[in-house]
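Student: File follows, upload_0.cif with mmCIF, C-alpha atoms and all ligand atoms:
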```cif
data_coords
loop_
_atom_site.label_atom_id
_atom_site.label_comp_id
_atom_site.auth_asym_id
_atom_site.auth_seq_id
_atom_site.Cartn_x
_atom_site.Cartn_y
_atom_site.Cartn_z
CA MET A 100 -62.45 173.65 -47.86
CA ASN A 101 -60.60 176.31 -45.90
CA GLU A 102 -60.40 176.86 -42.15
CA GLU A 103 -62.93 179.66 -42.24
CA MET A 104 -65.57 177.45 -43.89
CA ILE A 105 -64.96 174.72 -41.34
CA ARG A 106 -65.27 177.25 -38.50
CA ARG A 107 -68.57 178.53 -39.95
CA ALA A 108 -69.93 175.01 -40.43
CA ALA A 109 -69.04 174.16 -36.82
CA ALA A 110 -70.79 177.33 -35.59
CA ILE A 111 -73.93 176.52 -37.62
CA LEU A 112 -74.01 172.94 -36.34
CA GLU A 113 -73.50 174.08 -32.76
CA ARG A 114 -76.32 176.61 -33.05
CA GLU A 115 -78.63 173.97 -34.47
CA PHE A 116 -77.74 170.95 -32.31
CA GLY A 117 -76.09 172.38 -29.19
CA GLN A 118 -73.50 170.15 -27.46
CA ASP A 119 -74.33 167.18 -29.70
CA TRP A 120 -72.93 168.92 -32.74
CA GLN A 121 -69.50 167.23 -32.62
CA GLY A 122 -70.96 163.72 -32.52
CA ILE A 123 -73.16 164.59 -35.49
CA ALA A 124 -70.18 166.01 -37.40
CA GLN A 125 -68.15 162.84 -36.64
CA GLU A 126 -70.99 160.62 -37.85
CA LEU A 127 -71.34 162.64 -41.04
CA GLY A 128 -67.61 162.93 -41.59
CA THR A 129 -66.95 159.20 -41.37
CA GLU A 130 -70.07 157.98 -43.17
CA ASN A 131 -68.50 157.89 -46.60
CA LEU A 132 -65.81 155.49 -45.37
CA ARG A 133 -68.07 153.43 -43.11
CA LYS A 134 -70.67 152.75 -45.79
CA ARG A 135 -69.45 151.90 -49.25
CA VAL A 136 -70.61 149.76 -52.16
CA GLY A 137 -73.90 149.16 -50.36
CA LYS A 138 -72.23 147.57 -47.33
CA GLU A 139 -72.85 148.47 -43.69
CA LEU A 140 -69.39 147.24 -42.76
CA THR A 141 -66.18 148.34 -44.46
CA SER A 142 -62.54 148.15 -43.48
CA PHE A 143 -63.05 151.43 -41.61
CA MET A 144 -65.10 151.46 -38.41
CA ALA A 145 -66.12 154.54 -36.47
CA PHE A 146 -68.70 154.69 -33.73
CA PRO A 147 -68.40 158.14 -32.18
CA GLU A 148 -71.67 157.60 -30.33
CA ARG A 149 -70.64 154.22 -28.83
CA GLY A 150 -74.24 153.01 -28.36
CA SER A 151 -75.70 151.18 -25.36
CA GLY A 152 -74.60 147.84 -23.93
CA GLY A 153 -71.66 147.03 -21.69
CA ASP A 154 -70.44 149.91 -19.60
CA SER A 155 -69.06 153.11 -21.10
CA GLN A 156 -67.44 153.87 -17.73
CA TRP A 157 -65.39 150.64 -17.80
CA ARG A 158 -61.93 151.79 -18.92
CA GLY A 159 -60.97 150.15 -22.18
CA ASN A 160 -64.54 149.16 -23.05
CA CYS A 161 -65.43 149.03 -26.71
CA SER A 162 -68.54 150.10 -28.53
CA PRO A 163 -71.16 147.31 -28.78
CA GLU A 164 -71.46 148.37 -32.42
CA VAL A 165 -68.00 146.90 -33.07
CA VAL A 166 -69.10 143.47 -31.82
CA SER A 167 -72.52 143.78 -33.50
CA SER A 168 -71.02 144.63 -36.88
CA ILE A 169 -68.66 141.68 -36.85
CA LEU A 170 -71.34 139.38 -35.49
CA ARG A 171 -73.75 140.42 -38.27
CA TYR A 172 -71.04 139.85 -40.85
CA VAL A 173 -70.20 136.36 -39.58
CA LEU A 174 -73.89 135.41 -39.41
CA ASP A 175 -74.46 136.80 -42.94
CA ALA A 176 -71.47 134.89 -44.28
CA LYS A 177 -72.83 131.67 -42.81
CA ARG A 178 -76.30 132.27 -44.22
CA TYR A 179 -74.92 133.21 -47.62
CA TYR A 180 -73.16 129.86 -47.84
CA GLY A 181 -76.25 128.05 -46.57
CA LYS A 182 -74.82 127.06 -43.20
CA ALA A 183 -76.87 126.61 -40.03
CA THR A 184 -76.88 129.41 -37.47
CA SER A 185 -79.33 128.07 -34.86
CA GLN A 186 -76.52 126.87 -32.56
CA PHE A 187 -74.36 129.93 -33.25
CA THR A 188 -72.25 130.86 -30.23
CA LEU A 189 -70.21 133.95 -29.49
CA LEU A 190 -67.41 133.62 -26.94
CA ASP A 191 -65.67 136.58 -25.32
CA PRO A 192 -62.90 135.36 -23.00
CA MET A 193 -61.94 138.85 -21.74
CA SER A 194 -65.38 140.25 -21.47
CA GLY A 195 -64.82 143.25 -19.18
CA SER A 196 -68.10 145.06 -18.78
CA GLY A 197 -70.02 142.55 -20.92
CA THR A 198 -70.30 144.51 -24.15
CA SER A 199 -70.28 141.31 -26.22
CA LYS A 200 -73.29 139.93 -24.40
CA ALA A 201 -75.30 143.04 -25.24
CA ALA A 202 -74.40 142.65 -28.92
CA ALA A 203 -75.19 138.93 -28.93
CA ASP A 204 -78.53 139.45 -27.15
CA ARG A 205 -79.49 142.02 -29.75
CA SER A 206 -78.84 139.54 -32.55
CA GLY A 207 -80.58 136.74 -30.66
CA VAL A 208 -77.48 134.54 -30.44
CA ARG A 209 -76.05 132.64 -27.50
CA SER A 210 -73.04 134.21 -25.80
CA ILE A 211 -70.47 132.84 -23.37
CA LEU A 212 -68.39 135.31 -21.40
CA TYR A 213 -65.30 134.79 -19.26
CA ASP A 214 -63.00 137.18 -17.45
CA LEU A 215 -60.18 136.97 -14.95
CA ASN A 216 -62.19 139.35 -12.79
CA PRO A 217 -63.75 137.12 -10.08
CA ALA A 218 -66.99 139.10 -10.23
CA PRO A 219 -67.53 140.29 -13.80
CA ALA A 220 -70.71 142.00 -14.95
CA HIS A 221 -71.73 138.85 -16.83
CA GLY A 222 -70.55 135.30 -17.34
CA LYS A 223 -67.87 133.21 -15.69
CA GLY A 224 -65.47 135.08 -13.39
CA GLY A 225 -62.02 134.04 -12.22
CA TRP A 226 -61.28 132.44 -15.61
CA ASN A 227 -57.61 132.77 -16.48
CA ALA A 228 -56.81 132.80 -20.21
CA LEU A 229 -53.21 131.79 -19.49
CA LYS A 230 -53.97 128.81 -17.26
CA ASP A 231 -57.55 127.62 -17.65
CA ASP A 232 -59.01 125.46 -20.39
CA VAL A 233 -61.62 126.79 -22.77
CA GLU A 234 -64.41 124.36 -22.05
CA ASP A 235 -66.75 125.71 -24.69
CA SER A 236 -66.57 125.96 -28.47
CA ALA A 237 -67.75 128.90 -30.54
CA ASP A 238 -68.47 130.18 -34.04
CA LEU A 239 -67.16 133.63 -33.18
CA VAL A 240 -64.52 134.38 -30.60
CA PHE A 241 -64.32 138.10 -30.00
CA PHE A 242 -61.77 139.58 -27.71
CA HIS A 243 -60.39 142.96 -27.02
CA GLU A 244 -57.06 143.90 -25.55
CA SER A 245 -57.22 147.61 -25.03
CA ALA A 246 -54.27 149.62 -26.35
CA CYS A 247 -53.93 151.28 -22.99
CA ALA A 248 -54.33 148.11 -20.99
CA LEU A 249 -50.68 147.29 -21.03
CA ILE A 250 -47.59 147.19 -19.01
CA SER A 251 -47.10 149.01 -15.75
CA PRO A 252 -46.08 151.45 -14.44
CA TYR A 253 -46.71 154.08 -17.11
CA HIS A 254 -49.25 156.83 -16.81
CA ASN A 255 -52.35 156.51 -18.93
CA ILE A 256 -52.18 152.72 -18.71
CA ILE A 257 -55.23 150.94 -17.42
CA GLN A 258 -54.54 148.16 -15.00
CA TYR A 259 -57.46 145.90 -14.36
CA SER A 260 -56.66 143.72 -11.35
CA GLY A 261 -55.96 145.72 -8.19
CA ASN A 262 -57.54 148.72 -9.80
CA MET A 263 -60.77 148.04 -11.65
CA TRP A 264 -61.33 144.86 -9.63
CA GLY A 265 -59.84 142.72 -6.82
CA LYS A 266 -56.15 142.41 -5.97
CA PRO A 267 -53.27 142.61 -8.48
CA HIS A 268 -53.18 139.31 -10.40
CA PRO A 269 -49.91 138.05 -11.92
CA ASP A 270 -51.71 136.71 -15.02
CA ASP A 271 -53.63 139.89 -15.70
CA LEU A 272 -52.56 140.90 -19.21
CA SER A 273 -52.56 144.52 -18.14
CA ARG A 274 -49.79 143.74 -15.65
CA CYS A 275 -47.15 142.23 -17.93
CA GLU A 276 -43.48 142.86 -17.21
CA ASP A 277 -42.73 144.31 -20.62
CA TYR A 278 -43.92 144.28 -24.20
CA ASN A 279 -42.36 140.90 -25.03
CA ASP A 280 -43.94 139.32 -21.99
CA PHE A 281 -47.27 140.77 -23.11
CA LEU A 282 -46.85 139.48 -26.67
CA GLU A 283 -46.00 135.97 -25.54
CA LYS A 284 -49.08 135.90 -23.35
CA LEU A 285 -51.29 137.37 -26.04
CA ASN A 286 -50.01 134.80 -28.56
CA LEU A 287 -50.78 132.00 -26.13
CA CYS A 288 -54.34 133.32 -25.81
CA ILE A 289 -54.65 133.47 -29.61
CA ARG A 290 -53.49 129.84 -29.99
CA LYS A 291 -55.75 128.61 -27.22
CA LEU A 292 -58.83 130.46 -28.39
CA TYR A 293 -58.31 129.45 -32.01
CA MET A 294 -58.52 125.83 -30.86
CA ALA A 295 -61.91 126.62 -29.31
CA LEU A 296 -63.26 127.76 -32.68
CA ARG A 297 -65.61 125.48 -34.54
CA LYS A 298 -64.89 124.72 -38.18
CA ASP A 299 -65.79 127.77 -40.33
CA GLY A 300 -65.65 129.92 -37.20
CA ARG A 301 -63.98 133.31 -36.93
CA MET A 302 -61.81 134.93 -34.33
CA ALA A 303 -61.95 138.73 -34.09
CA VAL A 304 -59.14 140.30 -32.13
CA LEU A 305 -59.35 144.00 -31.38
CA VAL A 306 -56.04 145.58 -30.40
CA GLY A 307 -54.45 148.99 -30.30
CA ASP A 308 -50.95 150.29 -30.66
CA ILE A 309 -48.96 151.87 -27.86
CA ARG A 310 -46.12 154.28 -27.38
CA MET A 311 -43.99 153.90 -24.27
CA GLN A 312 -40.99 156.03 -23.42
CA GLY A 313 -40.89 157.32 -26.97
CA ARG A 314 -40.98 153.89 -28.56
CA PHE A 315 -43.81 152.73 -30.78
CA TYR A 316 -45.20 149.19 -30.43
CA SER A 317 -47.73 147.87 -32.91
CA ILE A 318 -49.53 144.92 -31.40
CA GLN A 319 -51.43 144.13 -34.58
CA ASN A 320 -48.16 143.92 -36.46
CA ASP A 321 -46.36 141.80 -33.87
CA MET A 322 -49.05 139.41 -32.71
CA MET A 323 -49.44 135.90 -34.01
CA ARG A 324 -52.09 135.18 -36.61
CA MET A 325 -53.81 131.85 -36.99
CA GLY A 326 -56.19 130.72 -39.68
CA ASP A 327 -56.95 132.61 -42.88
CA PHE A 328 -56.48 136.34 -42.50
CA GLU A 329 -59.92 137.38 -43.70
CA SER A 330 -59.95 141.09 -43.00
CA PHE A 331 -58.15 143.93 -41.31
CA LEU A 332 -60.38 146.71 -40.05
CA VAL A 333 -59.24 150.07 -38.80
CA LYS A 334 -61.36 151.53 -36.04
CA GLY A 335 -61.32 155.22 -35.11
CA GLN A 336 -61.03 155.88 -31.38
CA PHE A 337 -63.27 158.51 -29.84
CA ASN A 338 -63.54 159.97 -26.36
CA CYS A 339 -60.21 158.67 -25.05
CA VAL A 340 -58.88 160.06 -21.76
CA SER A 341 -55.58 160.88 -23.53
CA ASP A 342 -57.45 163.18 -25.99
CA ARG A 343 -57.64 165.75 -23.23
CA ARG A 344 -53.85 165.97 -22.74
CA ARG A 345 -51.51 168.31 -24.63
CA TYR A 346 -48.03 167.16 -25.61
CA GLN A 347 -45.04 169.27 -26.66
CA LYS A 348 -42.76 166.64 -28.18
CA PRO A 349 -43.23 165.86 -31.91
CA PHE A 350 -45.01 162.54 -32.27
CA ILE A 351 -47.97 161.03 -34.11
CA PRO A 352 -50.90 160.42 -31.75
CA ILE A 353 -52.53 157.00 -31.93
CA VAL A 354 -56.22 157.48 -32.70
CA THR A 355 -57.04 154.07 -34.17
CA GLU A 356 -57.41 150.45 -33.12
CA TYR A 357 -57.35 147.40 -35.36
CA LEU A 358 -59.62 144.44 -35.69
CA LEU A 359 -58.10 141.33 -37.19
CA LEU A 360 -60.59 138.81 -38.48
CA LEU A 361 -59.24 135.28 -38.71
CA HIS A 362 -61.17 132.46 -40.34
CA LYS A 363 -60.88 128.80 -39.40
CA LYS A 364 -61.55 127.06 -42.69
CA ASP A 365 -60.27 123.63 -41.80
CA ALA A 366 -60.79 121.75 -38.55
CA LEU A 367 -57.26 120.33 -38.43
CA LEU A 368 -55.02 122.35 -40.74
CA VAL A 369 -53.93 125.64 -39.22
CA PRO A 370 -52.20 128.32 -41.30
CA PHE A 371 -50.31 130.70 -39.07
CA HIS A 372 -48.11 133.78 -39.25
CA PHE A 373 -45.55 134.63 -36.65
CA ALA A 374 -43.65 137.94 -36.63
CA LYS A 375 -40.05 137.90 -35.49
CA ASP A 376 -37.78 140.86 -34.75
CA SER A 377 -34.12 140.68 -35.65
CA THR A 378 -31.13 142.95 -36.25
CA PHE A 379 -28.15 142.65 -38.58
CA SER A 380 -25.03 144.70 -39.06
CA VAL A 381 -24.68 146.19 -42.52
CA ALA A 382 -20.93 145.87 -42.14
CA ASP A 383 -21.01 142.09 -41.62
CA THR A 384 -23.71 140.97 -44.05
CA ASP A 385 -23.88 140.23 -47.77
CA LEU A 386 -26.53 142.54 -49.09
CA THR A 387 -27.79 142.70 -52.66
CA ALA A 388 -29.54 145.95 -51.87
CA LEU A 389 -26.41 147.81 -50.78
CA THR A 390 -24.15 149.88 -53.03
CA TRP A 391 -20.56 150.93 -52.26
CA HIS A 392 -21.77 154.50 -52.20
CA HIS A 393 -24.22 153.86 -49.36
CA LEU A 394 -21.87 151.58 -47.45
CA ILE A 395 -19.23 154.31 -47.35
CA ARG A 396 -21.78 156.94 -46.36
CA MET A 397 -23.14 154.72 -43.57
CA THR A 398 -19.67 153.95 -42.32
CA LEU A 399 -18.90 157.64 -42.15
CA GLU A 400 -22.19 158.32 -40.41
CA SER A 401 -21.43 155.60 -37.92
CA ALA A 402 -18.08 157.20 -37.19
CA SER A 403 -20.02 160.41 -36.50
CA ALA A 404 -18.54 162.12 -39.56
CA GLN A 405 -20.71 164.61 -41.40
CA PRO A 406 -20.41 163.40 -44.98
CA SER A 407 -21.64 165.60 -47.80
CA MET A 408 -21.55 163.12 -50.64
CA ASN A 409 -23.16 163.68 -53.96
CA THR A 410 -26.08 161.25 -53.88
CA LYS A 411 -26.54 161.32 -57.67
CA THR A 412 -23.58 159.06 -58.43
CA SER A 413 -23.68 155.42 -57.55
CA THR A 414 -20.61 153.22 -57.86
CA GLN A 415 -22.66 150.08 -58.21
CA PRO A 416 -26.14 149.50 -59.63
CA ALA A 417 -28.77 148.77 -56.98
CA GLY A 418 -29.45 145.07 -56.71
CA THR A 419 -25.85 144.04 -57.42
CA ALA A 420 -24.43 141.70 -54.82
CA TYR A 421 -21.96 143.27 -52.45
CA THR A 422 -19.71 141.39 -50.07
CA ALA A 423 -18.89 143.44 -47.00
C1 LIG B 1 -60.02 145.72 -22.56
S1 LIG B 1 -60.90 144.87 -21.31
C2 LIG B 1 -62.24 144.22 -22.20
C3 LIG B 1 -63.30 145.26 -22.36
C4 LIG B 1 -64.57 144.73 -22.99
N1 LIG B 1 -64.41 144.46 -24.41
C5 LIG B 1 -65.68 145.75 -22.77
O1 LIG B 1 -66.15 146.35 -23.76
O2 LIG B 1 -66.04 145.99 -21.63
C6 LIG B 1 -59.84 143.48 -21.04
C7 LIG B 1 -60.35 142.51 -19.99
O3 LIG B 1 -59.41 141.42 -19.96
C8 LIG B 1 -59.42 140.88 -18.64
N2 LIG B 1 -58.22 140.05 -18.50
C9 LIG B 1 -56.94 140.45 -18.30
N3 LIG B 1 -56.12 139.40 -18.20
C10 LIG B 1 -56.89 138.28 -18.34
C11 LIG B 1 -56.63 136.88 -18.31
N4 LIG B 1 -55.40 136.39 -18.10
N5 LIG B 1 -57.67 136.02 -18.49
C12 LIG B 1 -58.92 136.50 -18.70
N6 LIG B 1 -59.25 137.81 -18.71
C13 LIG B 1 -58.23 138.70 -18.54
C14 LIG B 1 -59.49 142.11 -17.75
O4 LIG B 1 -60.02 141.80 -16.48
C15 LIG B 1 -60.41 143.04 -18.55
O5 LIG B 1 -61.74 142.97 -18.09
#
```
Starting from the file, lay out its structure as structure tokens.
Tutor:
Amino acid sequence: MNEEMIRRAAAILEREFGQDWQGIAQELGTENLRKRVGKELTSFMAFPERGSGGDSQWRGNCSPEVVSSILRYVLDAKRYYGKATSQFTLLDPMSGSGTSKAAADRSGVRSILYDLNPAPAHGKGGWNALKDDVEDSADLVFFHESACALISPYHNIIQYSGNMWGKPHPDDLSRCEDYNDFLEKLNLCIRKLYMALRKDGRMAVLVGDIRMQGRFYSIQNDMMRMGDFESFLVKGQFNCVSDRRRYQKPFIPIVTEYLLLLHKKDALLVPFHFAKDSTFSVADTDLTALTWHHLIRMTLESASAQPSMNTKTSTQPAGTAYTA
């Protein structure tokens, strides 16, 4: 399809549906990925319309359809395996505008909501994920750390305490000192909330990626995982404040968030995955993957030389051990 056809299609849709045309086009355009093999939920989520429930004006809110889809899946999985759902409980420990409650109400399940905000829209306020105990247990823990809700003082970053509510709070996850501080705190929340899961429960963590001062940070890649990693869903982001900005510098805009679904199969045994960053010097390490050819080129590059080596010849087959 060429640009002209797309332009004509857009004009036809706009004539027919007025201002709603873009939402309709987004729904149509993502449908093939959202609905496959007869399933309403795939590893690609897109809710351009958001839907009602929670507060669309609450910065960093998520579509209730995200919570509803996961909730339906977890309930279906339980029913499929003949497990009881009458006591099913959804817990959202960072509930913001209360989107999770709307989704739970719609499915007729009990929900428990906490937030550090002393006066949240729903549920228990003044609950601190870093200090307070989780006094409830749940079959689904859903929580959302918005991609933007991180680390001051960068523009385009939502801070909750002292901005959306109350005074600045030192344990507000949107007021971490730096990325590592944020990760440590997020990982603590993951450990704590996993413990609050009932056997066969699931934890759904929705996170974004961020770019700060030209550096890319992928929370989903760096955060701790507990339990069985059941699914990884990519969610398209729509109607973000940053969509309206224009940037000169070459970079790849972040237009997706990620939902990690973790399954607690055993009450006591806990599989976990912990990412760790490290650095090594090529010059001081034994590397099977390194050839003489590349070592010399890298050394020259490091000395700011401009080597023009013929890359076709290799002095040593790849995979041969090299001692630097
Ligand atoms: C991204 S918002 C959640 C939005 C929510 N999913 C919605 O749709 O409205 C993150 C929430 O985490 C809360 N929060 C931040 N730090 C917290 C902490 N230490 N303990 C509990 N809640 C915290 C903030 O007050 C904010 O409401």
Student: What does the list of residues within 8 Å of ligand LIG 1 (chain B) look like if you count only C-alpha atoms and all ligand atoms, written as a compact mmCIF listing (two decimals) with C-alpha atoms, keeping the file's coordinate frame?
Tutor:
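Dumped everything to out_25.txt:
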```
# COMPACT_ATOMS: atom_id res chain seq x y z
CA GLY A 153 -71.66 147.03 -21.69
CA ASP A 154 -70.44 149.91 -19.60
CA SER A 155 -69.06 153.11 -21.10
CA TRP A 157 -65.39 150.64 -17.80
CA ARG A 158 -61.93 151.79 -18.92
CA GLY A 159 -60.97 150.15 -22.18
CA ASN A 160 -64.54 149.16 -23.05
CA CYS A 161 -65.43 149.03 -26.71
CA SER A 162 -68.54 150.10 -28.53
CA PRO A 163 -71.16 147.31 -28.78
CA PRO A 192 -62.90 135.36 -23.00
CA MET A 193 -61.94 138.85 -21.74
CA SER A 194 -65.38 140.25 -21.47
CA GLY A 195 -64.82 143.25 -19.18
CA SER A 196 -68.10 145.06 -18.78
CA GLY A 197 -70.02 142.55 -20.92
CA THR A 198 -70.30 144.51 -24.15
CA SER A 199 -70.28 141.31 -26.22
CA TYR A 213 -65.30 134.79 -19.26
CA ASP A 214 -63.00 137.18 -17.45
CA LEU A 215 -60.18 136.97 -14.95
CA ASN A 216 -62.19 139.35 -12.79
CA PRO A 219 -67.53 140.29 -13.80
CA GLY A 225 -62.02 134.04 -12.22
CA TRP A 226 -61.28 132.44 -15.61
CA ASN A 227 -57.61 132.77 -16.48
CA ALA A 228 -56.81 132.80 -20.21
CA LEU A 229 -53.21 131.79 -19.49
CA LYS A 230 -53.97 128.81 -17.26
CA PHE A 242 -61.77 139.58 -27.71
CA HIS A 243 -60.39 142.96 -27.02
CA GLU A 244 -57.06 143.90 -25.55
CA SER A 245 -57.22 147.61 -25.03
CA ALA A 246 -54.27 149.62 -26.35
CA ALA A 248 -54.33 148.11 -20.99
CA TYR A 259 -57.46 145.90 -14.36
CA SER A 260 -56.66 143.72 -11.35
CA MET A 263 -60.77 148.04 -11.65
CA TRP A 264 -61.33 144.86 -9.63
CA ASP A 270 -51.71 136.71 -15.02
CA ASP A 271 -53.63 139.89 -15.70
CA LEU A 272 -52.56 140.90 -19.21
CA SER A 273 -52.56 144.52 -18.14
```
Student: When you count only C-alpha atoms, which of these residues is closest to A:Asp365: A:Gly181, A:Gly122, A:Gly300, A:Gly128?
Tutor: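 Ranked by minimum distance to A:Asp365, first place goes to A:Gly300.
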Student: Starting from the point (-60.7, 150.1, -33.6), work out which residues of protein, DNA or RNA have an atom no more than 7 Å away when counting all atoms listed in the file; state them as a PyMOL selection string.
Tutor: chain A and resi 144+305+333-336+355-358
Student: One decimal, Å: what's the distance from atom CA of A:Ser403 over to atom CA of A:Arg314, could you say?
Tutor: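 We find that atom CA of A:Ser403 and atom CA of A:Arg314 lie 23.3 Å from each other.
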Student: Take atom CA of A:Leu140 and atom CA of A:Ala303 and report the distance between them in Å, one decimal.
Tutor: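 Computing it gives 14.2 Å between the two atoms.
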Student: For atom CA of A:Thr390 and atom CA of A:Ala374, determine how far apart the two atoms are, in Å to one decimal place.
Tutor: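 Going from atom CA of A:Thr390 over to atom CA of A:Ala374 covers 28.1 Å.
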Student: Using all atoms listed in the file, which of the listed residues (A:Val381, A:Ala295, A:Leu112, A:Leu239) sits closest to A:Leu174?
Tutor: A:Leu239
Student: Just want the 6 Å neighbourhood of A:Thr188, counted on all atoms listed in the file, with same-chain residues fewer than 2 positions away dropped. Output as a ChimeraX atom specification.
Tutor: /A:209-210,237-238
Student: When you count all atoms listed in the file, which of these residues is closest to A:Gln121: A:Phe241, A:Arg135, A:Glu148, A:Leu296?
Tutor: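 Ranking A:Phe241, A:Arg135, A:Glu148, A:Leu296 by distance to A:Gln121, first place goes to A:Glu148.
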Student: Taking only C-alpha atoms into account, name the residue in A:Ile309, A:Gly207, A:Ala108, A:Lys291 that is nearest to A:Asp231.
Tutor: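 Checking each of A:Ile309, A:Gly207, A:Ala108, A:Lys291 against A:Asp231, counting only C-alpha atoms, the winner is A:Lys291.
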Student: Which one of A:Ser236, A:Thr398, A:Gln347, A:Gln118 sits closest to A:Gln186 if you count only C-alpha atoms?
Tutor: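 Of A:Ser236, A:Thr398, A:Gln347, A:Gln118, the one nearest A:Gln186 is A:Ser236, counting only C-alpha atoms.
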Student: Excluding A:Leu212 and its own-chain neighbours fewer than 3 positions away, which residues fall within 7 Å of it when counting all atoms listed in the file? Please give them as an NGL selection string.
Tutor: :A and (190-192 or 194 or 221-223)
Student: Pick out the closest residue to A:Phe315 from this set: A:Leu282, A:Ile353, A:Met100, A:Ala388. Count all atoms listed in the file.
Tutor: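 The shortest atom-to-atom distance to A:Phe315 comes from A:Ile353.
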Student: Could you pull the residues within 12 Å of A:Ala176, counting all atoms listed in the file, minus those fewer than 4 positions along the same chain, as a list in words?
Tutor: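 Selected residues are Ile169, Leu170, Arg171, Tyr172, Tyr180, Gly181, Lys182, Ala183, Thr184, Asp238, Leu239, Asp299, Gly300, Arg301, Glu329 and His362 of chain A.
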Student: Write the residues of the preceding selection, restricted to C-alpha atoms, as an mmCIF file, keeping the file's coordinate frame.
Tutor:
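See out-v7.cif below for the written result:
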```
data_model
loop_
_atom_site.group_PDB
_atom_site.id
_atom_site.type_symbol
_atom_site.label_atom_id
_atom_site.label_comp_id
_atom_site.auth_asym_id
_atom_site.auth_seq_id
_atom_site.Cartn_x
_atom_site.Cartn_y
_atom_site.Cartn_z
ATOM 1 C CA ILE A 169 -68.660 141.680 -36.850
ATOM 2 C CA LEU A 170 -71.340 139.380 -35.490
ATOM 3 C CA ARG A 171 -73.750 140.420 -38.270
ATOM 4 C CA TYR A 172 -71.040 139.850 -40.850
ATOM 5 C CA TYR A 180 -73.160 129.860 -47.840
ATOM 6 C CA GLY A 181 -76.250 128.050 -46.570
ATOM 7 C CA LYS A 182 -74.820 127.060 -43.200
ATOM 8 C CA ALA A 183 -76.870 126.610 -40.030
ATOM 9 C CA THR A 184 -76.880 129.410 -37.470
ATOM 10 C CA ASP A 238 -68.470 130.180 -34.040
ATOM 11 C CA LEU A 239 -67.160 133.630 -33.180
ATOM 12 C CA ASP A 299 -65.790 127.770 -40.330
ATOM 13 C CA GLY A 300 -65.650 129.920 -37.200
ATOM 14 C CA ARG A 301 -63.980 133.310 -36.930
ATOM 15 C CA GLU A 329 -59.920 137.380 -43.700
ATOM 16 C CA HIS A 362 -61.170 132.460 -40.340
#
```
